[in-house]
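Participant: Got a structure for you, model_28.cif, holding mmCIF, C-alpha atoms and all ligand atoms.
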```cif
data_start
#
loop_
_atom_site.group_PDB
_atom_site.id
_atom_site.type_symbol
_atom_site.label_atom_id
_atom_site.label_comp_id
_atom_site.auth_asym_id
_atom_site.auth_seq_id
_atom_site.Cartn_x
_atom_site.Cartn_y
_atom_site.Cartn_z
ATOM 1 C CA MET A 18 1.449 9.968 5.255
ATOM 2 C CA ASN A 19 0.346 13.379 6.487
ATOM 3 C CA LYS A 20 -2.111 13.434 9.349
ATOM 4 C CA GLN A 21 -5.625 14.223 8.221
ATOM 5 C CA ASN A 22 -8.931 13.998 9.980
ATOM 6 C CA PHE A 23 -10.409 11.688 7.401
ATOM 7 C CA LYS A 24 -11.722 8.300 8.342
ATOM 8 C CA ASP A 25 -9.864 5.603 6.462
ATOM 9 C CA THR A 26 -13.082 4.193 5.034
ATOM 10 C CA GLY A 27 -16.348 5.770 3.972
ATOM 11 C CA LYS A 28 -18.823 6.130 1.177
ATOM 12 C CA CYS A 29 -17.716 7.550 -2.146
ATOM 13 C CA CYS A 30 -19.550 10.822 -2.732
ATOM 14 C CA LEU A 31 -19.767 10.106 -6.466
ATOM 15 C CA CYS A 32 -20.803 6.443 -6.843
ATOM 16 C CA LYS A 33 -21.741 5.669 -3.181
ATOM 17 C CA LYS A 34 -19.469 2.651 -3.086
ATOM 18 C CA GLU A 35 -17.295 2.045 -0.043
ATOM 19 C CA TYR A 36 -13.760 3.379 -0.291
ATOM 20 C CA THR A 37 -10.729 2.429 1.775
ATOM 21 C CA HIS A 38 -7.379 4.020 2.576
ATOM 22 C CA TYR A 39 -8.799 7.518 3.027
ATOM 23 C CA GLY A 40 -10.290 7.729 -0.465
ATOM 24 C CA ASN A 41 -9.487 10.730 -2.620
ATOM 25 C CA ASN A 42 -10.394 14.359 -2.834
ATOM 26 C CA ALA A 43 -13.312 14.572 -5.263
ATOM 27 C CA LEU A 44 -12.814 18.239 -6.143
ATOM 28 C CA PRO A 45 -13.534 19.826 -8.589
ATOM 29 C CA LEU A 46 -16.465 17.440 -9.107
ATOM 30 C CA LYS A 47 -17.714 17.413 -5.531
ATOM 31 C CA ASP A 48 -16.554 18.614 -2.149
ATOM 32 C CA GLY A 49 -16.036 15.250 -0.523
ATOM 33 C CA ARG A 50 -14.124 11.972 -0.623
ATOM 34 C CA CYS A 51 -14.364 9.499 -3.480
ATOM 35 C CA CYS A 52 -13.127 5.983 -4.236
ATOM 36 C CA ASP A 53 -10.027 5.177 -6.295
ATOM 37 C CA GLU A 54 -12.080 4.231 -9.302
ATOM 38 C CA CYS A 55 -14.001 7.508 -9.443
ATOM 39 C CA ASN A 56 -10.814 9.393 -8.772
ATOM 40 C CA ALA A 57 -9.117 7.841 -11.771
ATOM 41 C CA ILE A 58 -12.064 7.769 -14.162
ATOM 42 C CA LYS A 59 -13.896 10.949 -13.206
ATOM 43 C CA VAL A 60 -11.904 13.311 -10.999
ATOM 44 C CA ILE A 61 -8.457 13.221 -12.599
ATOM 45 C CA PRO A 62 -9.785 13.534 -16.183
ATOM 46 C CA GLU A 63 -11.889 16.487 -15.011
ATOM 47 C CA ARG A 64 -8.829 18.162 -13.516
ATOM 48 C CA LEU A 65 -6.860 17.540 -16.684
ATOM 49 C CA LYS A 66 -9.729 18.878 -18.745
ATOM 50 C CA SER A 67 -9.629 22.151 -16.854
ATOM 51 C CA ALA A 68 -5.926 22.263 -17.717
ATOM 52 C CA GLY A 69 -6.806 21.783 -21.380
ATOM 53 C CA ILE A 70 -5.900 18.091 -21.585
ATOM 54 C CA ILE A 71 -8.573 15.716 -22.871
ATOM 55 C CA LEU A 72 -8.017 12.021 -22.166
ATOM 56 C CA SER A 73 -9.340 9.274 -24.374
ATOM 57 C CA GLU A 74 -11.170 6.379 -22.737
ATOM 58 C CA LYS A 75 -8.129 4.200 -23.361
ATOM 59 C CA ASP A 76 -5.809 6.664 -21.658
ATOM 60 C CA THR A 77 -8.212 6.969 -18.737
ATOM 61 C CA LYS A 78 -8.114 3.207 -18.235
ATOM 62 C CA LYS A 79 -4.336 3.215 -18.405
ATOM 63 C CA LEU A 80 -4.242 5.996 -15.848
ATOM 64 C CA PHE A 81 -6.528 4.019 -13.528
ATOM 65 C CA LYS A 82 -4.214 1.003 -13.658
ATOM 66 C CA PHE A 83 -1.177 3.171 -13.117
ATOM 67 C CA GLU A 84 -2.788 4.974 -10.168
ATOM 68 C CA LYS A 85 -3.758 1.700 -8.562
ATOM 69 C CA ARG A 86 -0.274 0.288 -8.848
ATOM 70 C CA ALA A 87 1.292 3.469 -7.484
ATOM 71 C CA ARG A 88 -1.069 3.466 -4.494
ATOM 72 C CA GLU A 89 -0.446 -0.186 -3.725
ATOM 73 C CA LYS A 90 3.263 0.552 -3.667
ATOM 74 C CA ILE A 91 2.770 3.432 -1.245
ATOM 75 C CA TRP A 92 0.588 1.314 1.093
ATOM 76 C CA LYS A 93 3.155 -1.456 1.145
ATOM 77 C CA GLN A 94 5.864 1.046 2.009
ATOM 78 C CA ASN A 95 3.729 2.503 4.800
ATOM 79 C CA ILE A 96 3.064 -0.954 6.223
ATOM 80 C CA LYS A 97 6.786 -1.707 6.249
ATOM 81 C CA GLN A 98 7.563 1.525 8.048
ATOM 82 C CA ASN A 99 5.004 0.965 10.812
HETATM 83 ZN ZN ZN B 1 -16.727 6.078 -6.474
#
```
Written as structure tokens, how would this file's structure read?
Facilitator:
Amino acid sequence: MNKQNFKDTGKCCLCKKEYTHYGNNALPLKDGRCCDECNAIKVIPERLKSAGIILSEKDTKKLFKFEKRAREKIWKQNIKQN
């Protein structure tokens, strides 16, 4: 993982819930950190929209599940390496 000055937990700037594992960049919605859920349901679809791709609600949910699984894999790998 690259070294960043982010705290590993904090409040999501979109839904105000607590996030863990550094959260996510909330741009272009907001200049701050957001939780995994907001990232998948709000931020990523917004980024895709600006690229001309509109996701259906079903696809957004699929993406959220996929994102979560991918992140869990990365965390597990990081834990093993440390
Ligand atoms: Zn959130």
Participant: Determine the nearest neighbour of ligand ZN 1 (chain B) from the options A:Glu84, A:Glu63, A:Asp48, A:Asp53, counting all atoms listed in the file.
Facilitator: A:Asp53
Participant: Which polymer residues have any atom within 8 Å of an atom of A:Phe81, counting all atoms listed in the file, with same-chain residues fewer than 5 positions away left out, as a ChimeraX atom specification?
Facilitator: /A:54,57-58
Participant: Any chance you can output those residues with C-alpha atoms as a CSV table (one decimal), keeping the file's coordinate frame?
Facilitator:
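Everything below was put into result_37.csv:
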```
chain,number,residue,atom,x,y,z
A,54,GLU,CA,-12.1,4.2,-9.3
A,57,ALA,CA,-9.1,7.8,-11.8
A,58,ILE,CA,-12.1,7.8,-14.2
```
Participant: Can you turn the PyMOL selection byres (((not hetatm)) within 9 of (chain B and resi 1)) into a concrete residue list for this file, as a PyMOL selection string?
Facilitator: chain A and resi 28-36+40+50-56+59
Participant: Box for stretch 51-61 of chain A - axis-aligned, 5 Å on each of the six sides, all listed atoms - centre and size in Å to one decimal, as AutoDock Vina command-line options.
Facilitator:
```
--center_x -11.4 --center_y 8.8 --center_z -8.8 --size_x 15.9 --size_y 19.1 --size_z 20.7
```
Participant: If I take atom CA of A:Asp76 and atom CA of A:Asn95, how far is one from the other in Å, to one decimal?
Facilitator: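 Computed distance, atom CA of A:Asp76 to atom CA of A:Asn95, equals 28.4 Å.
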Participant: Please compute the atom CA of A:Asp25-atom CA of A:Asn41 distance, one decimal, in Å.
Facilitator: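 Pair atom CA of A:Asp25 / atom CA of A:Asn41 returns 10.4 Å.
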Participant: Can you tell me how far atom CA of A:Glu89 sits from atom CA of A:His38, in Å to one decimal?
Facilitator: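 Calculated distance between atom CA of A:Glu89 and atom CA of A:His38 is 10.3 Å.
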Participant: Would you please work out which residue, of A:Arg88, A:Asn42, A:Pro62, A:Ile96, is nearest to A:Lys75 when using all atoms listed in the file?
Facilitator: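 Closest residue, counting all atoms listed in the file: A:Pro62.
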Participant: Please write stretch 24-52 of chain A of the preceding block to a file containing N, CA and C atoms, as a short mmCIF file (atom, residue, chain, number, x, y, z; two decimals), in the first residue's frame?
Facilitator:
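So decode-v9.cif came out as:
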```cif
data_model
loop_
_atom_site.label_atom_id
_atom_site.label_comp_id
_atom_site.auth_asym_id
_atom_site.auth_seq_id
_atom_site.Cartn_x
_atom_site.Cartn_y
_atom_site.Cartn_z
N LYS A 24 -5.75 9.04 7.97
CA LYS A 24 -5.99 8.17 9.11
C LYS A 24 -6.73 6.95 8.59
N ASP A 25 -6.56 5.82 9.24
CA ASP A 25 -7.17 4.61 8.70
C ASP A 25 -8.66 4.51 9.05
N THR A 26 -9.14 5.37 9.94
CA THR A 26 -10.58 5.43 10.15
C THR A 26 -11.00 6.90 10.16
N GLY A 27 -12.28 7.14 10.00
CA GLY A 27 -12.77 8.51 10.03
C GLY A 27 -14.24 8.52 9.67
N LYS A 28 -14.77 9.72 9.50
CA LYS A 28 -16.18 9.83 9.17
C LYS A 28 -16.34 10.04 7.68
N CYS A 29 -17.24 9.29 7.08
CA CYS A 29 -17.52 9.42 5.66
C CYS A 29 -18.08 10.82 5.39
N CYS A 30 -17.52 11.50 4.39
CA CYS A 30 -17.97 12.87 4.13
C CYS A 30 -19.31 12.90 3.41
N LEU A 31 -19.81 11.75 3.00
CA LEU A 31 -21.09 11.72 2.29
C LEU A 31 -22.25 11.27 3.18
N CYS A 32 -22.06 10.18 3.95
CA CYS A 32 -23.18 9.69 4.78
C CYS A 32 -22.89 9.82 6.27
N LYS A 33 -21.68 10.28 6.63
CA LYS A 33 -21.27 10.52 8.03
C LYS A 33 -21.10 9.25 8.84
N LYS A 34 -21.12 8.11 8.16
CA LYS A 34 -20.85 6.86 8.88
C LYS A 34 -19.35 6.70 9.03
N GLU A 35 -18.94 5.87 9.96
CA GLU A 35 -17.52 5.62 10.19
C GLU A 35 -16.97 4.73 9.07
N TYR A 36 -15.82 5.10 8.53
CA TYR A 36 -15.19 4.19 7.57
C TYR A 36 -13.90 3.62 8.16
N THR A 37 -13.44 2.53 7.61
CA THR A 37 -12.19 1.92 8.06
C THR A 37 -11.28 1.71 6.85
N HIS A 38 -10.07 1.31 7.11
CA HIS A 38 -9.11 1.02 6.04
C HIS A 38 -8.95 2.18 5.06
N TYR A 39 -8.78 3.35 5.61
CA TYR A 39 -8.47 4.57 4.84
C TYR A 39 -9.62 5.13 4.02
N GLY A 40 -10.74 4.45 3.95
CA GLY A 40 -11.86 4.98 3.18
C GLY A 40 -11.51 5.11 1.70
N ASN A 41 -12.22 5.97 1.02
CA ASN A 41 -12.01 6.15 -0.42
C ASN A 41 -12.05 7.63 -0.75
N ASN A 42 -11.45 7.95 -1.86
CA ASN A 42 -11.51 9.32 -2.36
C ASN A 42 -12.93 9.60 -2.85
N ALA A 43 -13.56 10.64 -2.32
CA ALA A 43 -14.96 10.90 -2.68
C ALA A 43 -15.11 11.79 -3.91
N LEU A 44 -14.01 12.22 -4.50
CA LEU A 44 -14.12 13.02 -5.73
C LEU A 44 -14.72 12.19 -6.86
N PRO A 45 -15.51 12.72 -7.74
CA PRO A 45 -15.84 14.13 -7.93
C PRO A 45 -17.02 14.63 -7.09
N LEU A 46 -17.56 13.81 -6.21
CA LEU A 46 -18.72 14.25 -5.43
C LEU A 46 -18.33 15.24 -4.34
N LYS A 47 -17.23 14.94 -3.64
CA LYS A 47 -16.81 15.81 -2.55
C LYS A 47 -15.32 15.64 -2.36
N ASP A 48 -14.66 16.68 -1.91
CA ASP A 48 -13.23 16.61 -1.67
C ASP A 48 -13.01 16.09 -0.26
N GLY A 49 -13.00 14.77 -0.12
CA GLY A 49 -12.82 14.18 1.19
C GLY A 49 -12.75 12.68 1.08
N ARG A 50 -12.88 12.00 2.25
CA ARG A 50 -12.84 10.54 2.25
C ARG A 50 -14.25 10.02 2.48
N CYS A 51 -14.58 8.90 1.85
CA CYS A 51 -15.91 8.32 2.06
C CYS A 51 -15.80 6.83 2.33
N CYS A 52 -16.89 6.23 2.81
CA CYS A 52 -16.89 4.82 3.16
C CYS A 52 -17.02 3.96 1.89
#
```
